[in-house]
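Novice: My file is data_17.txt. It has compact mmCIF, C-alpha atoms and all ligand atoms:
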```txt
# COMPACT_ATOMS: atom_id res chain seq x y z
CA MET A 811 -8.87 16.33 -0.50
CA GLN A 812 -5.43 17.43 0.58
CA GLN A 813 -3.11 18.54 -2.20
CA PRO A 814 -0.08 16.24 -2.41
CA ILE A 815 3.25 17.90 -1.61
CA LEU A 816 4.76 15.93 -4.49
CA GLU A 817 3.01 14.55 -7.54
CA ILE A 818 5.07 12.70 -10.14
CA LYS A 819 3.37 11.72 -13.36
CA ASN A 820 4.66 9.57 -16.21
CA LEU A 821 8.28 10.18 -15.37
CA SER A 822 10.56 8.44 -17.86
CA LYS A 823 14.31 8.48 -18.14
CA ALA A 824 16.62 6.41 -20.29
CA TYR A 825 20.40 6.36 -20.55
CA ASP A 826 22.70 5.33 -23.39
CA ARG A 827 20.57 6.88 -26.12
CA GLY A 828 17.48 5.07 -24.96
CA GLU A 829 19.02 1.64 -24.51
CA THR A 830 18.88 1.57 -20.70
CA VAL A 831 15.50 2.46 -19.31
CA ALA A 832 15.83 3.66 -15.71
CA LEU A 833 12.32 5.06 -15.18
CA ALA A 834 9.34 3.97 -17.27
CA ASN A 835 6.20 6.09 -16.82
CA PHE A 836 6.82 6.26 -13.10
CA ASN A 837 3.98 7.71 -10.99
CA LEU A 838 4.04 8.68 -7.34
CA SER A 839 2.09 10.95 -5.07
CA LEU A 840 3.23 11.99 -1.60
CA ASN A 841 1.21 13.78 1.09
CA LYS A 842 2.55 16.19 3.68
CA GLY A 843 4.12 14.43 6.64
CA GLU A 844 4.27 11.05 4.94
CA VAL A 845 7.45 9.01 5.30
CA LEU A 846 7.69 6.88 2.18
CA GLY A 847 10.17 4.02 1.99
CA LEU A 848 11.10 3.28 -1.60
CA LEU A 849 12.30 -0.26 -1.75
CA GLY A 850 14.02 -1.66 -4.81
CA PRO A 851 16.86 -3.96 -5.84
CA ASN A 852 20.03 -2.77 -7.60
CA GLY A 853 19.25 -0.93 -10.81
CA ALA A 854 15.57 -0.40 -9.98
CA GLY A 855 15.85 3.34 -10.73
CA LYS A 856 15.96 4.77 -7.21
CA THR A 857 19.01 7.03 -7.60
CA THR A 858 17.81 8.17 -11.01
CA LEU A 859 14.54 9.31 -9.41
CA ILE A 860 16.30 11.15 -6.56
CA SER A 861 18.75 12.78 -9.00
CA ILE A 862 15.89 14.07 -11.14
CA LEU A 863 14.07 15.43 -8.09
CA SER A 864 17.23 17.12 -6.85
CA GLY A 865 17.74 18.78 -10.22
CA THR A 866 21.10 17.15 -10.97
CA LEU A 867 19.71 15.01 -13.78
CA ARG A 868 17.85 16.64 -16.65
CA ASP A 869 16.62 15.28 -19.92
CA PHE A 870 13.63 13.28 -18.75
CA SER A 871 9.98 13.25 -19.72
CA GLY A 872 6.94 13.53 -17.48
CA THR A 873 5.85 16.06 -14.88
CA ILE A 874 6.84 16.75 -11.29
CA ALA A 875 4.58 19.04 -9.29
CA PHE A 876 5.73 20.32 -5.90
CA LYS A 877 2.79 21.73 -3.91
CA GLY A 878 0.83 21.91 -7.15
CA VAL A 879 3.46 23.81 -9.15
CA ASP A 880 6.03 22.52 -11.68
CA LEU A 881 9.11 21.89 -9.53
CA PHE A 882 11.45 23.40 -12.09
CA SER A 883 9.40 26.50 -12.83
CA ASP A 884 10.92 28.48 -9.94
CA ARG A 885 14.36 28.05 -8.34
CA ARG A 886 12.94 28.86 -4.91
CA LEU A 887 10.88 25.68 -4.94
CA LYS A 888 13.98 23.53 -4.98
CA ASN A 889 15.18 25.30 -1.83
CA GLN A 890 12.28 23.70 -0.01
CA ILE A 891 13.68 20.26 -0.73
CA GLY A 892 16.54 18.71 1.23
CA ILE A 893 18.75 16.09 -0.39
CA VAL A 894 20.84 13.46 1.32
CA PRO A 895 22.69 11.85 -1.60
CA GLN A 896 24.08 8.33 -1.77
CA GLU A 897 27.56 9.83 -2.27
CA MET A 898 28.50 12.20 0.53
CA ALA A 899 30.15 15.58 -0.08
CA PHE A 900 32.07 17.26 2.75
CA TYR A 901 35.07 19.47 3.33
CA GLU A 902 37.11 16.80 5.06
CA ASP A 903 39.52 19.24 6.75
CA LEU A 904 36.71 21.26 8.26
CA GLY A 905 34.69 20.32 11.33
CA ALA A 906 31.05 19.23 11.39
CA LEU A 907 29.85 22.67 12.53
CA GLU A 908 31.86 24.44 9.81
CA ASN A 909 30.50 22.07 7.17
CA LEU A 910 26.95 22.74 8.30
CA MET A 911 27.61 26.50 8.28
CA PHE A 912 29.09 26.25 4.79
CA TRP A 913 26.21 24.27 3.27
CA GLY A 914 23.65 26.34 5.16
CA GLY A 915 25.36 29.49 3.84
CA LEU A 916 24.12 28.58 0.35
CA TYR A 917 20.63 29.55 1.47
CA SER A 918 19.92 33.05 2.68
CA ILE A 919 19.66 32.24 6.35
CA PRO A 920 20.82 35.00 8.76
CA GLU A 921 24.14 34.07 10.39
CA LYS A 922 22.84 33.91 13.94
CA GLU A 923 19.86 31.76 12.96
CA LEU A 924 22.13 29.51 10.87
CA LYS A 925 24.47 28.91 13.82
CA LYS A 926 21.53 28.06 16.08
CA ARG A 927 20.14 25.60 13.55
CA ALA A 928 23.56 24.02 13.01
CA LEU A 929 24.01 23.48 16.76
CA ASP A 930 20.48 22.09 17.13
CA LEU A 931 21.05 19.69 14.24
CA LEU A 932 24.38 18.52 15.64
CA SER A 933 22.54 17.70 18.82
CA LEU A 934 19.79 15.90 16.88
CA VAL A 935 22.33 13.71 15.09
CA GLU A 936 24.33 13.25 18.29
CA LEU A 937 27.50 14.93 17.09
CA SER A 938 27.61 17.90 19.48
CA SER A 939 30.69 16.64 21.27
CA ARG A 940 32.56 16.20 17.95
CA ALA A 941 31.44 19.49 16.36
CA LYS A 942 34.94 20.89 15.84
CA GLU A 943 36.87 17.78 14.82
CA PRO A 944 37.84 17.52 11.12
CA ILE A 945 35.46 15.25 9.22
CA LYS A 946 38.33 13.09 8.02
CA LYS A 947 38.50 11.66 11.55
CA PHE A 948 34.82 10.67 11.48
CA SER A 949 33.57 7.08 11.20
CA GLY A 950 31.23 6.11 8.35
CA GLY A 951 28.22 6.30 10.65
CA MET A 952 29.15 9.78 11.90
CA LYS A 953 29.55 10.99 8.33
CA ARG A 954 26.15 9.59 7.40
CA ARG A 955 24.58 11.38 10.36
CA LEU A 956 26.23 14.65 9.41
CA ASN A 957 25.01 14.14 5.84
CA VAL A 958 21.44 13.97 7.15
CA ALA A 959 21.97 17.14 9.21
CA ILE A 960 23.22 18.98 6.09
CA GLY A 961 20.08 17.90 4.23
CA LEU A 962 17.99 19.50 6.99
CA ILE A 963 19.88 22.78 7.56
CA HIS A 964 17.49 24.87 5.42
CA GLN A 965 14.43 23.30 7.08
CA PRO A 966 13.07 21.70 3.91
CA GLU A 967 9.44 20.68 3.59
CA LEU A 968 10.48 17.56 1.70
CA LEU A 969 13.54 15.48 2.56
CA LEU A 970 14.94 12.96 0.05
CA LEU A 971 17.48 10.42 1.22
CA ASP A 972 19.19 7.97 -1.11
CA GLU A 973 20.24 4.84 0.81
CA PRO A 974 21.11 6.75 3.97
CA THR A 975 22.06 3.64 5.93
CA VAL A 976 24.46 1.89 3.57
CA GLY A 977 27.76 0.72 5.01
CA ILE A 978 27.24 1.67 8.64
CA ASP A 979 26.86 -0.33 11.84
CA VAL A 980 23.55 -1.26 13.41
CA GLN A 981 23.65 1.47 16.04
CA ALA A 982 24.23 4.23 13.49
CA LYS A 983 21.43 2.75 11.33
CA VAL A 984 18.97 2.83 14.19
CA SER A 985 19.93 6.41 14.94
CA ILE A 986 19.40 7.53 11.32
CA LEU A 987 16.05 5.73 11.11
CA ASP A 988 14.99 7.43 14.37
CA ILE A 989 15.90 10.81 12.91
CA ILE A 990 13.89 10.06 9.75
CA ARG A 991 10.86 9.05 11.82
CA ASN A 992 11.09 12.17 14.00
CA VAL A 993 11.50 14.50 11.05
CA GLY A 994 8.30 12.95 9.64
CA LEU A 995 6.46 13.40 12.93
CA GLN A 996 7.37 17.08 12.86
CA GLY A 997 5.55 17.44 9.53
CA THR A 998 8.39 17.14 7.00
CA SER A 999 7.59 14.78 4.16
CA VAL A 1000 10.25 12.18 3.50
CA ILE A 1001 11.18 9.76 0.74
CA PHE A 1002 14.05 7.43 1.45
CA THR A 1003 15.36 4.64 -0.69
CA THR A 1004 16.74 1.40 0.61
CA HIS A 1005 17.44 -2.26 -0.08
CA GLN A 1006 16.57 -3.20 3.46
CA LEU A 1007 13.12 -4.61 4.17
CA ALA A 1008 13.46 -4.25 7.94
CA GLU A 1009 14.17 -0.53 7.62
CA VAL A 1010 10.96 0.27 5.81
CA GLU A 1011 8.94 -2.00 8.09
CA GLN A 1012 10.08 0.02 11.09
CA THR A 1013 10.22 3.54 9.75
CA CYS A 1014 7.64 4.33 7.12
CA THR A 1015 4.02 5.38 7.01
CA ARG A 1016 3.90 4.00 3.48
CA ILE A 1017 6.03 1.60 1.48
CA ALA A 1018 6.47 1.47 -2.28
CA ILE A 1019 8.15 -1.43 -4.02
CA MET A 1020 9.81 -0.53 -7.30
CA ASP A 1021 11.67 -2.46 -9.94
CA LYS A 1022 12.68 -1.75 -13.53
CA GLY A 1023 11.61 1.88 -13.32
CA VAL A 1024 8.05 1.44 -12.08
CA ILE A 1025 6.25 1.05 -8.79
CA LEU A 1026 4.88 -2.46 -8.54
CA ALA A 1027 2.84 -1.95 -5.37
CA GLN A 1028 2.46 0.52 -2.54
CA GLY A 1029 0.61 0.83 0.72
CA THR A 1030 1.04 0.32 4.43
CA LEU A 1031 2.87 -2.79 5.55
CA ALA A 1032 -0.44 -4.53 6.32
CA GLU A 1033 -1.87 -3.62 2.91
CA LEU A 1034 1.19 -4.95 1.12
CA ILE A 1035 1.17 -8.18 3.07
CA ARG A 1036 -2.42 -8.77 1.93
CA ILE A 1037 -1.02 -9.11 -1.61
CA VAL A 1038 0.36 -12.47 -0.56
CA GLY A 1039 -2.76 -13.23 1.43
CA GLU A 1040 -3.36 -15.62 4.30
CA LYS A 1041 -0.70 -18.05 3.27
CA GLU A 1042 2.13 -19.99 4.80
CA ILE A 1043 5.46 -19.08 3.32
CA VAL A 1044 7.87 -21.97 2.99
CA VAL A 1045 11.56 -21.52 2.24
CA VAL A 1046 13.27 -24.68 1.08
CA SER A 1047 16.93 -25.23 0.33
CA GLY A 1048 18.87 -28.14 -1.07
CA GLU A 1049 21.02 -29.35 -3.93
CA PHE A 1050 18.82 -28.43 -6.88
CA THR A 1051 18.86 -26.13 -9.87
CA ALA A 1052 16.13 -23.55 -10.35
CA ASN A 1053 14.93 -25.37 -13.49
CA ARG A 1054 14.64 -28.81 -11.96
CA PHE A 1055 12.86 -27.45 -8.94
CA SER A 1056 10.32 -25.49 -11.01
CA GLU A 1057 9.63 -28.50 -13.24
CA ALA A 1058 9.05 -30.78 -10.26
CA ILE A 1059 6.81 -28.35 -8.40
CA LYS A 1060 4.69 -27.69 -11.50
CA LYS A 1061 3.73 -31.36 -11.57
CA LEU A 1062 2.50 -31.19 -8.00
CA SER A 1063 -1.24 -31.69 -7.63
CA PRO A 1064 -3.63 -30.84 -6.15
CA ASN A 1065 -2.67 -27.23 -6.42
CA GLY A 1066 -2.61 -24.80 -3.54
CA VAL A 1067 1.09 -24.15 -3.81
CA GLU A 1068 2.47 -21.08 -5.51
CA ILE A 1069 6.10 -20.45 -6.42
CA LEU A 1070 7.10 -16.99 -5.17
CA SER A 1071 10.67 -17.24 -6.37
CA VAL A 1072 13.08 -19.96 -7.28
CA ALA A 1073 16.85 -19.82 -7.62
CA ASP A 1074 19.51 -22.54 -7.62
CA ASN A 1075 19.52 -24.18 -4.17
CA GLU A 1076 16.70 -22.09 -2.72
CA ALA A 1077 12.99 -21.54 -3.37
CA HIS A 1078 10.20 -19.59 -1.71
CA LEU A 1079 6.73 -21.11 -1.91
CA ALA A 1080 3.33 -20.01 -0.63
CA PHE A 1081 0.80 -22.57 0.61
CA THR A 1082 -2.86 -21.80 1.09
CA ASN A 1083 -2.85 -24.43 3.77
CA SER A 1084 0.06 -25.88 5.74
CA GLU A 1085 -1.37 -29.39 5.32
CA GLY A 1086 0.03 -29.37 1.79
CA ILE A 1087 3.63 -29.18 3.01
CA PRO A 1088 4.29 -32.90 3.78
CA GLY A 1089 2.78 -33.84 0.41
CA MET A 1090 5.10 -31.40 -1.33
CA MET A 1091 8.12 -32.91 0.41
CA GLN A 1092 7.14 -36.43 -0.61
CA HIS A 1093 6.56 -35.27 -4.14
CA LEU A 1094 10.00 -33.64 -4.33
CA PHE A 1095 11.56 -36.77 -2.88
CA LYS A 1096 9.91 -38.84 -5.64
CA HIS A 1097 11.51 -36.50 -8.15
CA GLN A 1098 14.88 -37.09 -6.50
CA LEU A 1099 15.09 -33.61 -5.14
CA ALA A 1100 16.55 -33.81 -1.69
CA LEU A 1101 15.95 -30.87 0.62
CA ASP A 1102 18.48 -29.84 3.26
CA ASP A 1103 16.27 -27.39 5.04
CA LEU A 1104 12.70 -26.16 5.22
CA LYS A 1105 11.46 -23.11 7.11
CA ILE A 1106 7.87 -22.01 7.55
CA LYS A 1107 7.19 -18.28 7.92
CA SER A 1108 4.17 -16.03 8.20
CA PRO A 1109 3.57 -13.75 5.22
CA ASN A 1110 5.95 -10.81 5.44
CA LEU A 1111 7.27 -8.03 3.27
CA GLU A 1112 9.96 -10.31 1.88
CA ALA A 1113 7.29 -12.67 0.51
CA VAL A 1114 5.48 -9.71 -1.08
CA PHE A 1115 8.71 -8.53 -2.64
CA LEU A 1116 9.49 -12.00 -3.99
CA LYS A 1117 6.03 -12.39 -5.43
CA LEU A 1118 6.20 -9.02 -7.19
CA THR A 1119 9.77 -9.04 -8.48
CA GLY A 1120 10.61 -12.74 -8.56
CA ARG A 1121 13.90 -11.92 -6.87
CA SER A 1122 15.26 -11.53 -3.43
CA LEU A 1123 16.40 -8.23 -1.96
CA ARG A 1124 19.56 -9.16 -0.17
CA ASP A 1125 22.54 -6.82 -0.12
N1 LIG B 1 24.97 7.40 -15.67
C1 LIG B 1 24.40 6.31 -16.16
N2 LIG B 1 24.64 5.89 -17.42
C2 LIG B 1 24.05 4.78 -17.93
N3 LIG B 1 23.18 4.00 -17.27
C3 LIG B 1 22.91 4.35 -16.00
C4 LIG B 1 23.48 5.52 -15.37
N4 LIG B 1 23.00 5.61 -14.12
C5 LIG B 1 22.17 4.57 -13.96
N5 LIG B 1 22.10 3.81 -15.07
C6 LIG B 1 21.26 2.61 -15.28
O1 LIG B 1 19.91 2.97 -14.98
C7 LIG B 1 19.27 1.93 -14.24
C8 LIG B 1 18.80 2.47 -12.91
O2 LIG B 1 19.94 2.84 -12.13
P1 LIG B 1 19.84 3.55 -10.71
O3 LIG B 1 21.22 3.92 -10.30
O4 LIG B 1 18.82 4.62 -10.79
O5 LIG B 1 19.29 2.34 -9.81
P2 LIG B 1 19.22 2.18 -8.22
O6 LIG B 1 17.88 1.67 -7.93
O7 LIG B 1 19.65 3.44 -7.57
O8 LIG B 1 20.29 1.03 -7.95
P3 LIG B 1 21.24 0.78 -6.66
O9 LIG B 1 20.36 0.09 -5.67
O10 LIG B 1 22.29 -0.13 -7.20
O11 LIG B 1 21.77 2.10 -6.18
C9 LIG B 1 20.28 0.81 -14.15
O12 LIG B 1 20.04 -0.10 -15.20
C10 LIG B 1 21.61 1.51 -14.33
O13 LIG B 1 22.55 0.63 -14.89
MG MG B 2 21.13 3.91 -6.18
```
Starting from the file, lay out its structure as structure tokens.
Ligand SMILES: Nc1ncnc2c1ncn2[C@@H]1O[C@H](COP(=O)(O)OP(=O)(O)OP(=O)(O)O)[C@@H](O)[C@H]1O
Ligand SMILES: [Mg+2]
Specialist:
Amino acid sequence: MQQPILEIKNLSKAYDRGETVALANFNLSLNKGEVLGLLGPNGAGKTTLISILSGTLRDFSGTIAFKGVDLFSDRRLKNQIGIVPQEMAFYEDLGALENLMFWGGLYSIPEKELKKRALDLLSLVELSSRAKEPIKKFSGGMKRRLNVAIGLIHQPELLLLDEPTVGIDVQAKVSILDIIRNVGLQGTSVIFTTHQLAEVEQTCTRIAIMDKGVILAQGTLAELIRIVGEKEIVVVSGEFTANRFSEAIKKLSPNGVEILSVADNEAHLAFTNSEGIPGMMQHLFKHQLALDDLKIKSPNLEAVFLKLTGRSLRD
């Protein structure tokens, strides 16, 4: 069997003298060339994980092996990892090329080679025509793209990106996701975190869903969708509270309906069989729960996420 490029075992990290648990015996294994999308709501522990892997956060327990060796046993190992942090760091008065040359200069890459790589990367992230302009004139999307290029300048074997598509327009998002996919196809292993279901559906070879410091499920999109099974997903909305809705639905018989998540004014249900839907509506009507809207969907990643975390993943 192939040795994983990254093997994380029992990683735990708490803040505030143990009061806030960010990672709780977290385990993850990543193979070479895999593009893993790490999906989790706010506070799930994503940034904590990336910060530990990038060496900026110490004081954790558990083990992290990179190509079979303790990641922190040798400084050179960390140079094989590229980090694209959630917060971007640039010299705003310098141009994109100069920034790349500066960050690349931290690794011992010969000047000529460094310049070639910087120019190639600017082309990859479609910034060649803006190479000399000061960063302060860049849009959010351009900055994000440059951030990705900086993470790649030392040709890392593993690239970690923390929410690389936050706060940018659709076009810039698509371009970053394309870059991630291509980097993976060229053999670099990638982990990227996100809140966006559509992004992982389109980009990853594997998806992991995490919440409260642990991975709840992982697999390909098809494997994850099997968690919900061959069911019809029904989203209902109306003037109801979460409590009243749950109480009413619990009394519904015969069974065959499962509550995936329920909040005030909106609930997600899974039906083994769509024939149960009219009966459910009548039943709710009898309990004086009026619905404004009802949508039927095929099982998707959102339904899996709701089933596992009980909450929705909207920004
Ligand atoms: N410096 C800190 N001090 C105290 N608690 C922290 C600190 N950083 C994170 N936490 C807590 O640790 C938990 C995990 O936070 P983390 O930032 O890793 O989550 P996240 O998945 O990256 O969330 P987001 O999607 O909002 O970026 C949260 O409960 C958070 O409040
Ligand atoms: Mg975060």
Novice: Residues at most 8 Å from Gly847 (chain A), counting only C-alpha atoms, excluding those fewer than 2 positions away in the same chain, as a PyMOL selection string?
Specialist: chain A and resi 845+849+1001-1004+1010+1013-1014+1016-1018
Novice: Based on the selection just made, write C-alpha atoms of those residues as a PDB file, keeping the file's coordinate frame.
Specialist:
```
ATOM      1  CA  VAL A 845       7.450   9.010   5.300  1.00  0.00           C
ATOM      2  CA  LEU A 849      12.300  -0.260  -1.750  1.00  0.00           C
ATOM      3  CA  ILE A1001      11.180   9.760   0.740  1.00  0.00           C
ATOM      4  CA  PHE A1002      14.050   7.430   1.450  1.00  0.00           C
ATOM      5  CA  THR A1003      15.360   4.640  -0.690  1.00  0.00           C
ATOM      6  CA  THR A1004      16.740   1.400   0.610  1.00  0.00           C
ATOM      7  CA  VAL A1010      10.960   0.270   5.810  1.00  0.00           C
ATOM      8  CA  THR A1013      10.220   3.540   9.750  1.00  0.00           C
ATOM      9  CA  CYS A1014       7.640   4.330   7.120  1.00  0.00           C
ATOM     10  CA  ARG A1016       3.900   4.000   3.480  1.00  0.00           C
ATOM     11  CA  ILE A1017       6.030   1.600   1.480  1.00  0.00           C
ATOM     12  CA  ALA A1018       6.470   1.470  -2.280  1.00  0.00           C
TER      13      ALA A1018
END
```
Novice: Name the residues, by chain letter and number, that sit within 9 Å of ligand LIG 1 (chain B) using only C-alpha atoms and all ligand atoms, and give them as a ChimeraX atom specification.
Specialist: /A:823-826,829-833,849-861,896,972-973,1003-1005,1020-1023
Novice: Measure the distance from CA of Lys888 (chain A) to CA of Phe912 (chain A) in Å and round it to one decimal.
Specialist: 18.2 Å
Novice: Set the distance at 6 Å and use all atoms listed in the file: which residues neighbour Ile1043 (chain A) once local chain neighbours fewer than 2 positions away are removed? I'd like the list as a short mmCIF file (atom, residue, chain, number, x, y, z; two decimals) with C-alpha atoms, keeping the file's coordinate frame.
Specialist:
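Dumped everything to result08.cif:
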```cif
data_model
loop_
_atom_site.label_atom_id
_atom_site.label_comp_id
_atom_site.auth_asym_id
_atom_site.auth_seq_id
_atom_site.Cartn_x
_atom_site.Cartn_y
_atom_site.Cartn_z
CA LEU A 1079 6.73 -21.11 -1.91
CA ALA A 1080 3.33 -20.01 -0.63
CA ILE A 1106 7.87 -22.01 7.55
CA LYS A 1107 7.19 -18.28 7.92
CA SER A 1108 4.17 -16.03 8.20
CA PRO A 1109 3.57 -13.75 5.22
#
```
Novice: Which neighbours of Asp979 (chain A) fall inside 12 Å, counting all atoms listed in the file, when residues of the same chain fewer than 6 positions from it are skipped, and could you give them as a compact mmCIF listing (two decimals) with C-alpha atoms, keeping the file's coordinate frame?
Specialist:
```txt
# COMPACT_ATOMS: atom_id res chain seq x y z
CA SER A 949 33.57 7.08 11.20
CA GLY A 950 31.23 6.11 8.35
CA GLY A 951 28.22 6.30 10.65
CA MET A 952 29.15 9.78 11.90
CA ARG A 954 26.15 9.59 7.40
CA SER A 985 19.93 6.41 14.94
CA ILE A 986 19.40 7.53 11.32
```
Novice: Please, what distance in Å, to one decimal, runs between CA of Asp903 (chain A) and CA of Glu921 (chain A)?
Specialist: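 Separation of CA of Asp903 (chain A) and CA of Glu921 (chain A): 21.7 Å.
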Novice: Counting only C-alpha atoms and all ligand atoms, figure out which residue out of A:Val976, A:Ile963, A:Ala1032, A:Leu1101 gets nearest to ligand MG 2 (chain B).
Specialist: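 Among A:Val976, A:Ile963, A:Ala1032, A:Leu1101, it is A:Val976 that comes nearest to ligand MG 2 (chain B).
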Novice: For region 1071-1080 of chain A, what centre and edge lengths in Å (one decimal) does the axis-aligned box get once 4 Å is added on each side of all its listed atoms, as AutoDock Vina command-line options?
Specialist:
```
--center_x 11.4 --center_y -20.7 --center_z -4.1 --size_x 24.2 --size_y 14.9 --size_z 15.0
```
Novice: Counting all atoms listed in the file, figure out which residue out of A:Leu848, A:Ile815, A:Leu910, A:Val935 gets nearest to Asp880 (chain A).
Specialist: A:Ile815
Novice: Give me, as a VMD selection string, all polymer residues having an atom no more than 9 Å from Asn957 (chain A), counting all atoms listed in the file and skipping those fewer than 3 positions away in the same chain.
Specialist: chain A and resid 894 to 895 898 to 900 952 to 954 960 to 962 974
Novice: Give me the residues within 8 Å of Val1024 (chain A) as an MDAnalysis selection string, counting all atoms listed in the file and dropping any in the same chain fewer than 5 places off.
Specialist: chainID A and resid 833:837
Novice: Could you jot down the CA of Phe948 (chain A) to CA of Leu932 (chain A) separation for me, Å, one decimal place?
Specialist: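 According to the coordinates, CA of Phe948 (chain A) and CA of Leu932 (chain A) are separated by 13.7 Å.
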Novice: Would you please work out which residue, of A:Lys947, A:Leu924, A:Lys1061, A:Leu971, is nearest to ligand MG 2 (chain B) when using all atoms listed in the file?
Specialist: A:Leu971
Novice: Using only C-alpha atoms and all ligand atoms, can you tell me which of A:Glu1068, A:Asp869, A:Glu897, A:Glu844 comes closest to ligand MG 2 (chain B)?
Specialist: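 Among the listed residues, the smallest separation from ligand MG 2 (chain B) belongs to A:Glu897.
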